[in-house]
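Q: What follows is the file protein.cif, containing mmCIF, C-alpha atoms:
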data_query
loop_
_atom_site.label_atom_id
_atom_site.label_comp_id
_atom_site.auth_asym_id
_atom_site.auth_seq_id
_atom_site.Cartn_x
_atom_site.Cartn_y
_atom_site.Cartn_z
CA MET H 1 0.00 0.00 0.00
CA LYS H 2 1.33 3.43 -0.94
CA ASN H 3 1.38 6.38 1.46
CA PHE H 4 -1.66 8.65 1.67
CA ASN H 5 -3.06 11.51 3.74
CA PHE H 6 -6.02 10.76 6.02
CA LYS H 7 -8.56 13.55 6.41
CA SER H 8 -11.68 13.66 8.59
CA PRO H 9 -14.10 16.45 7.60
CA THR H 10 -16.95 17.36 9.94
CA ASN H 11 -19.60 18.01 7.29
CA THR H 12 -20.48 17.23 3.69
CA LYS H 13 -19.41 20.60 2.27
CA GLU H 14 -15.96 20.24 3.79
CA ALA H 15 -15.68 16.69 2.45
CA VAL H 16 -16.55 17.76 -1.09
CA LYS H 17 -13.98 20.58 -0.98
CA LEU H 18 -11.29 18.09 0.00
CA ALA H 19 -12.13 15.76 -2.91
CA THR H 20 -9.61 17.12 -5.40
CA GLY H 21 -6.83 15.50 -7.37
CA ARG H 22 -6.28 11.84 -6.47
CA ALA H 23 -8.50 11.88 -3.39
CA THR H 24 -11.37 9.51 -2.66
CA TYR H 25 -14.02 9.00 0.01
CA LEU H 26 -13.73 6.36 2.71
CA ALA H 27 -16.68 4.96 4.64
CA GLY H 28 -16.49 1.25 5.55
CA GLY H 29 -13.51 0.58 3.29
CA MET H 30 -14.48 -3.03 2.62
CA SER H 31 -13.61 -2.76 -1.09
CA LEU H 32 -11.34 0.28 -1.08
CA ILE H 33 -8.74 -0.87 1.46
CA PRO H 34 -8.16 -4.34 -0.08
CA ALA H 35 -7.75 -2.69 -3.51
CA MET H 36 -5.15 -0.32 -2.06
CA LYS H 37 -3.33 -3.10 -0.20
CA LEU H 38 -3.05 -5.08 -3.45
CA ARG H 39 -1.94 -1.88 -5.25
CA LEU H 40 -4.87 -2.10 -7.62
CA ALA H 41 -5.68 1.48 -6.61
CA ALA H 42 -3.71 4.37 -5.13
CA TYR H 43 -4.84 7.74 -3.76
CA SER H 44 -3.11 10.80 -2.35
CA ASP H 45 -5.87 11.44 0.20
CA LEU H 46 -8.55 9.36 1.91
CA ILE H 47 -11.49 11.46 3.08
CA ASN H 48 -13.18 9.79 6.03
CA ILE H 49 -16.95 10.44 5.81
CA LYS H 50 -18.00 7.87 8.40
CA LYS H 51 -18.36 10.39 11.23
CA ILE H 52 -20.26 13.06 9.29
CA LYS H 53 -23.62 13.59 10.94
CA GLY H 54 -26.59 13.25 8.62
CA LEU H 55 -25.02 10.63 6.35
CA SER H 56 -26.36 7.70 8.35
CA GLY H 57 -29.78 6.68 9.56
CA ILE H 58 -33.08 5.36 8.23
CA LYS H 59 -36.25 7.33 7.53
CA VAL H 60 -39.56 5.80 6.50
CA SER H 61 -42.66 7.32 4.96
CA SER H 62 -45.76 5.78 3.39
CA LYS H 63 -44.15 5.94 -0.08
CA SER H 64 -40.42 5.63 0.44
CA LEU H 65 -37.59 4.33 2.58
CA LYS H 66 -34.54 6.60 2.78
CA ILE H 67 -31.23 5.22 4.02
CA GLY H 68 -28.16 7.35 4.73
CA ALA H 69 -25.04 6.53 2.73
CA THR H 70 -22.88 5.50 5.70
CA THR H 71 -25.53 3.20 7.20
CA THR H 72 -24.00 -0.26 7.52
CA HIS H 73 -25.39 -3.47 6.08
CA ALA H 74 -25.91 -4.77 9.62
CA GLU H 75 -27.97 -1.71 10.52
CA VAL H 76 -30.18 -2.19 7.47
CA ALA H 77 -30.56 -5.90 8.21
CA SER H 78 -31.59 -5.35 11.84
CA SER H 79 -33.76 -2.27 11.31
CA LYS H 80 -37.39 -2.70 12.36
CA GLU H 81 -38.34 0.11 9.96
CA VAL H 82 -36.72 -1.65 7.00
CA GLY H 83 -38.17 -5.00 8.03
CA LYS H 84 -41.66 -3.55 8.16
CA SER H 85 -41.60 -1.44 4.99
CA ILE H 86 -39.31 -3.48 2.68
CA SER H 87 -38.49 -6.78 4.34
CA SER H 88 -36.71 -8.08 1.22
CA LEU H 89 -34.14 -5.30 1.59
CA ALA H 90 -33.37 -6.39 5.14
CA ILE H 91 -32.97 -9.97 3.92
CA LEU H 92 -30.62 -8.79 1.17
CA ALA H 93 -28.46 -6.86 3.65
CA ASP H 94 -28.28 -9.82 6.01
CA GLY H 95 -26.86 -11.98 3.23
CA ILE H 96 -23.95 -9.71 2.33
CA GLY H 97 -20.47 -11.07 3.06
CA ASP H 98 -19.71 -12.06 6.65
CA PRO H 99 -20.33 -10.36 10.03
CA GLN H 100 -17.18 -8.25 9.72
CA VAL H 101 -18.22 -6.93 6.30
CA ARG H 102 -21.83 -6.34 7.39
CA ASN H 103 -20.73 -4.34 10.42
CA ARG H 104 -18.25 -2.16 8.48
CA GLY H 105 -19.52 -1.99 4.91
CA THR H 106 -22.01 0.72 3.95
CA ILE H 107 -24.84 0.99 1.47
CA GLY H 108 -23.36 4.12 -0.13
CA GLY H 109 -19.98 2.50 -0.55
CA SER H 110 -21.52 -0.58 -2.13
CA ILE H 111 -23.43 1.23 -4.85
CA ALA H 112 -20.60 3.73 -5.48
CA ASN H 113 -18.24 0.80 -6.07
CA ASN H 114 -20.81 -0.93 -8.33
CA ASP H 115 -19.25 -4.37 -8.25
CA PRO H 116 -20.88 -6.54 -10.96
CA ALA H 117 -21.83 -9.12 -8.33
CA ALA H 118 -22.92 -6.80 -5.51
CA ASP H 119 -26.40 -7.09 -4.01
CA TYR H 120 -27.52 -3.50 -3.39
CA PRO H 121 -27.44 -2.36 -7.05
CA SER H 122 -30.18 -4.88 -7.84
CA ALA H 123 -32.31 -3.47 -5.01
CA CYS H 124 -31.78 0.05 -6.35
CA LEU H 125 -32.98 -0.90 -9.83
CA ALA H 126 -35.89 -3.09 -8.74
CA LEU H 127 -37.15 -0.62 -6.13
CA ASN H 128 -36.89 2.38 -8.47
CA ALA H 129 -34.43 4.09 -6.13
CA ILE H 130 -33.24 7.68 -6.22
CA ILE H 131 -29.58 8.28 -5.36
CA HIS H 132 -29.23 11.55 -3.42
CA THR H 133 -25.78 13.13 -3.85
CA SER H 134 -24.08 16.35 -2.83
CA LYS H 135 -25.08 17.82 -6.21
CA ARG H 136 -28.30 16.17 -7.44
CA LYS H 137 -30.77 13.31 -7.41
CA ILE H 138 -30.00 10.42 -9.78
CA PRO H 139 -32.57 7.75 -10.75
CA ALA H 140 -31.16 4.25 -10.34
CA ASP H 141 -31.91 3.51 -14.01
CA LYS H 142 -29.31 6.15 -14.94
CA PHE H 143 -26.84 5.59 -12.10
CA PHE H 144 -25.21 2.24 -12.94
CA LYS H 145 -23.16 2.57 -16.12
CA GLY H 146 -20.80 -0.41 -16.38
CA ILE H 147 -18.28 -2.52 -14.50
CA PHE H 148 -17.25 -0.48 -11.43
CA GLU H 149 -18.66 2.59 -13.21
CA THR H 150 -21.47 4.91 -12.13
CA ASP H 151 -22.86 8.31 -13.10
CA LEU H 152 -21.04 9.97 -10.19
CA LYS H 153 -18.79 12.87 -11.15
CA LYS H 154 -15.41 13.64 -9.60
CA GLY H 155 -15.89 14.70 -5.98
CA GLU H 156 -19.63 13.95 -5.98
CA LEU H 157 -20.67 12.32 -2.71
CA ILE H 158 -23.59 9.95 -2.17
CA GLU H 159 -25.62 11.20 0.80
CA ALA H 160 -28.58 8.82 0.83
CA VAL H 161 -30.51 6.20 -1.16
CA GLU H 162 -34.29 6.50 -1.35
CA PHE H 163 -36.24 3.36 -2.24
CA GLU H 164 -39.86 3.23 -3.36
CA VAL H 165 -41.94 1.10 -0.98
CA PRO H 166 -43.34 -1.76 -3.09
CA GLU H 167 -46.61 -3.64 -2.87
CA LYS H 168 -44.60 -6.86 -2.93
CA SER H 169 -40.90 -7.65 -3.26
CA GLY H 170 -38.40 -10.45 -2.91
CA TYR H 171 -34.70 -11.12 -3.38
CA ALA H 172 -32.95 -14.43 -3.96
CA LYS H 173 -29.35 -15.15 -4.83
CA PHE H 174 -27.09 -18.06 -5.59
CA PRO H 175 -23.98 -16.98 -3.67
CA ASN H 176 -20.34 -17.72 -4.11
CA PRO H 177 -19.70 -20.00 -1.09
CA ALA H 178 -16.54 -18.12 -0.09
CA SER H 179 -17.23 -14.43 -0.72
CA ARG H 180 -21.04 -14.50 -0.58
CA TYR H 181 -21.10 -12.30 -3.66
CA ALA H 182 -23.90 -13.21 -6.05
CA ILE H 183 -23.08 -15.67 -8.80
CA VAL H 184 -26.67 -14.83 -9.71
CA GLY H 185 -29.00 -12.57 -7.75
CA VAL H 186 -32.54 -11.57 -8.72
CA TYR H 187 -34.61 -8.83 -7.08
CA VAL H 188 -38.32 -8.70 -7.93
CA ALA H 189 -40.59 -5.80 -6.98
CA LYS H 190 -44.24 -5.14 -7.70
CA LEU H 191 -44.73 -1.38 -7.60
CA LYS H 192 -47.81 0.72 -8.17
CA LYS H 193 -46.68 1.50 -11.71
CA GLY H 194 -45.59 -2.01 -12.65
CA VAL H 195 -43.17 -4.84 -12.02
CA ARG H 196 -39.39 -4.38 -12.01
CA VAL H 197 -36.85 -7.21 -12.02
CA ALA H 198 -33.13 -6.59 -11.55
CA VAL H 199 -30.35 -9.13 -12.03
CA THR H 200 -26.82 -9.01 -10.58
CA GLY H 201 -23.73 -11.22 -10.94
CA VAL H 202 -24.56 -12.11 -14.53
CA GLU H 203 -23.16 -9.32 -16.73
CA SER H 204 -20.54 -6.60 -16.32
CA CYS H 205 -23.20 -4.45 -14.63
CA VAL H 206 -26.52 -4.95 -12.89
CA PHE H 207 -29.45 -4.86 -15.32
CA ARG H 208 -33.23 -5.07 -15.57
CA CYS H 209 -34.70 -8.17 -17.21
CA LYS H 210 -37.59 -7.07 -19.45
CA LYS H 211 -38.68 -10.63 -20.28
CA LEU H 212 -39.26 -11.42 -16.62
CA GLU H 213 -40.91 -8.05 -16.04
CA ASP H 214 -43.37 -8.67 -18.89
CA ALA H 215 -44.19 -12.18 -17.69
CA LEU H 216 -44.75 -11.09 -14.09
CA SER H 217 -46.76 -8.05 -15.15
CA SER H 218 -49.26 -10.38 -16.81
CA ASN H 219 -49.28 -12.87 -13.97
CA PHE H 220 -47.34 -12.19 -10.77
CA SER H 221 -46.62 -15.80 -9.87
CA SER H 222 -43.63 -18.09 -10.06
CA SER H 223 -45.39 -20.27 -12.64
CA SER H 224 -45.37 -17.44 -15.17
CA ILE H 225 -41.56 -17.61 -15.24
CA ASP H 226 -41.50 -21.16 -16.62
CA SER H 227 -42.26 -20.05 -20.18
CA VAL H 228 -39.61 -17.27 -20.22
CA ASN H 229 -36.58 -17.92 -22.41
CA ILE H 230 -33.39 -16.31 -21.09
CA SER H 231 -30.56 -16.00 -23.61
CA SER H 232 -27.04 -16.48 -22.22
CA LYS H 233 -25.44 -14.20 -24.82
CA GLY H 234 -23.07 -11.74 -23.15
CA PHE H 235 -23.29 -13.35 -19.72
CA ASN H 236 -20.25 -13.74 -17.47
CA VAL H 237 -18.18 -16.92 -17.65
CA ASP H 238 -15.81 -17.93 -14.84
CA ILE H 239 -14.72 -20.91 -12.76
CA HIS H 240 -17.95 -20.74 -10.78
CA ALA H 241 -20.51 -20.81 -13.58
CA SER H 242 -20.88 -20.85 -17.34
CA ALA H 243 -23.05 -18.34 -19.20
CA GLU H 244 -25.65 -21.05 -19.83
CA TYR H 245 -25.75 -22.03 -16.17
CA ARG H 246 -26.24 -18.41 -15.14
CA ALA H 247 -29.13 -18.12 -17.61
CA HIS H 248 -30.76 -21.15 -15.98
CA ILE H 249 -30.17 -19.90 -12.44
CA ILE H 250 -31.78 -16.52 -13.24
CA LYS H 251 -35.12 -18.28 -13.63
CA VAL H 252 -34.57 -20.38 -10.51
CA MET H 253 -33.72 -17.33 -8.39
CA ALA H 254 -36.56 -15.31 -9.91
CA LYS H 255 -39.07 -17.99 -8.94
CA LYS H 256 -37.65 -18.08 -5.41
CA ALA H 257 -37.86 -14.28 -5.17
CA VAL H 258 -41.49 -14.24 -6.29
CA SER H 259 -42.40 -17.09 -3.93
CA SER H 260 -40.90 -15.17 -1.01
CA CYS H 261 -43.07 -12.10 -1.62
#
Transcribe the structure of this file into structure tokens.
A:
Amino acid sequence: MKNFNFKSPTNTKEAVKLATGRATYLAGGMSLIPAMKLRLAAYSDLINIKKIKGLSGIKVSSKSLKIGATTTHAEVASSKEVGKSISSLAILADGIGDPQVRNRGTIGGSIANNDPAADYPSACLALNAIIHTSKRKIPADKFFKGIFETDLKKGELIEAVEFEVPEKSGYAKFPNPASRYAIVGVYVAKLKKGVRVAVTGVESCVFRCKKLEDALSSNFSSSSIDSVNISSKGFNVDIHASAEYRAHIIKVMAKKAVSSC
């Protein structure tokens, strides 16, 4: 790991001002620190945002659930508010990594990193989330751009993620047994304006599956998924699963997600 300066701003404005040159934000550090230790990334300054008031916490209304960027996975998983309004989101958070990761990793850090196999991006897409930053509000459909790439600009800081409260929702994943990252993860949500289905772990970036959305819009039941044909073209291939296997598992996980609603 190369040398860096460690800075601890007291508010968001100060943090944004510090984010110049080769600086980056640090919250839980569950992805950032390993990347730096392996010299896959190097920064001149780490800006610690973990102690900034207002960046953590959970707020619930009749229409939305708003979670502060530095709220940990463990806090989301154990929250009574999350469990009551969007129980599938609490289940998702409880299945991330191991206890150490869940107690350090944050929701803002997860979506900013946009790992192709991360869980939260699928929740953002399926639950029609709005990403609140220091500059603007970004719809989830426009936020995730590609592998480890988002719509965030240099120095832009995620402050909160606001999810639409669904009528029904469910998440199921086939995890890597070691890392608990999703080999395939499917998040299904029935919203007032229609059904949204997001898939993670399968391509270079999380994506919505229109074929599953159309099938579930006509009949929101696991049986409606049987007739859907999922093409494996462009899907990830690695030692854990072939593209064809991932295509098969998408349907299996989708049926489990619907059944859990």
Q: Each side padded by 6 Å, which centre and which edge lengths in Å (one decimal) define the axis-aligned box around the listed atoms of region 92-99 of chain H? Give them as JSON.
A:
{"center_x": -25.2, "center_y": -9.5, "center_z": 5.6, "size_x": 22.9, "size_y": 17.2, "size_z": 20.9}
Q: Counting only C-alpha atoms, which residues have an atom no more than 9 Å from (-23.1, -5.1, -5.2) in the file's coordinates? Please list them as a VMD selection string.
A: chain H and resid 96 110 to 111 113 to 122 181 to 182 200 to 201 206
Q: So which residues are close to (-44.1, 1.9, 3.2), meaning at most 8 Å away in the file's coordinates with only C-alpha atoms counted, and can you show them as a PyMOL selection string?
A: chain H and resi 60-65+84-86+164-166
Q: Evaluate the PyMOL selection byres ((chain H and resi 47-52) around 6) against this structure - the residues, as a short mmCIF file (atom, residue, chain, number, x, y, z; two decimals) with C-alpha atoms, in the frame of the given file, please.
A:
data_model
loop_
_atom_site.label_atom_id
_atom_site.label_comp_id
_atom_site.auth_asym_id
_atom_site.auth_seq_id
_atom_site.Cartn_x
_atom_site.Cartn_y
_atom_site.Cartn_z
CA LYS H 7 -8.56 13.55 6.41
CA SER H 8 -11.68 13.66 8.59
CA THR H 10 -16.95 17.36 9.94
CA ASN H 11 -19.60 18.01 7.29
CA TYR H 25 -14.02 9.00 0.01
CA LEU H 26 -13.73 6.36 2.71
CA ALA H 27 -16.68 4.96 4.64
CA LEU H 46 -8.55 9.36 1.91
CA LYS H 53 -23.62 13.59 10.94
#
Q: Rounded to one decimal in Å, what is the spacing between CA of His132 (chain H) and CA of Leu157 (chain H)?
A: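 Taking CA of His132 (chain H) as the start and CA of Leu157 (chain H) as the end point, the length is 8.6 Å.
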Q: Run the PyMOL selection byres ((chain H and resi 69) around 7) against the file shown and list the residues it catches, as a ChimeraX atom specification.
A: /H:55-56,67-68,70-71,106-108,158-161
Q: Output the residue selection produced by the PyMOL selection byres ((chain H and resi 214) around 10) on the file above, formatted as a PyMOL selection string.
A: chain H and resi 194-197+209-213+215-220+224-225+228
Q: Please indicate the distance in Å from CA of Gly97 (chain H) to CA of Gly28 (chain H), rounded to one decimal place.
A: 13.2 Å
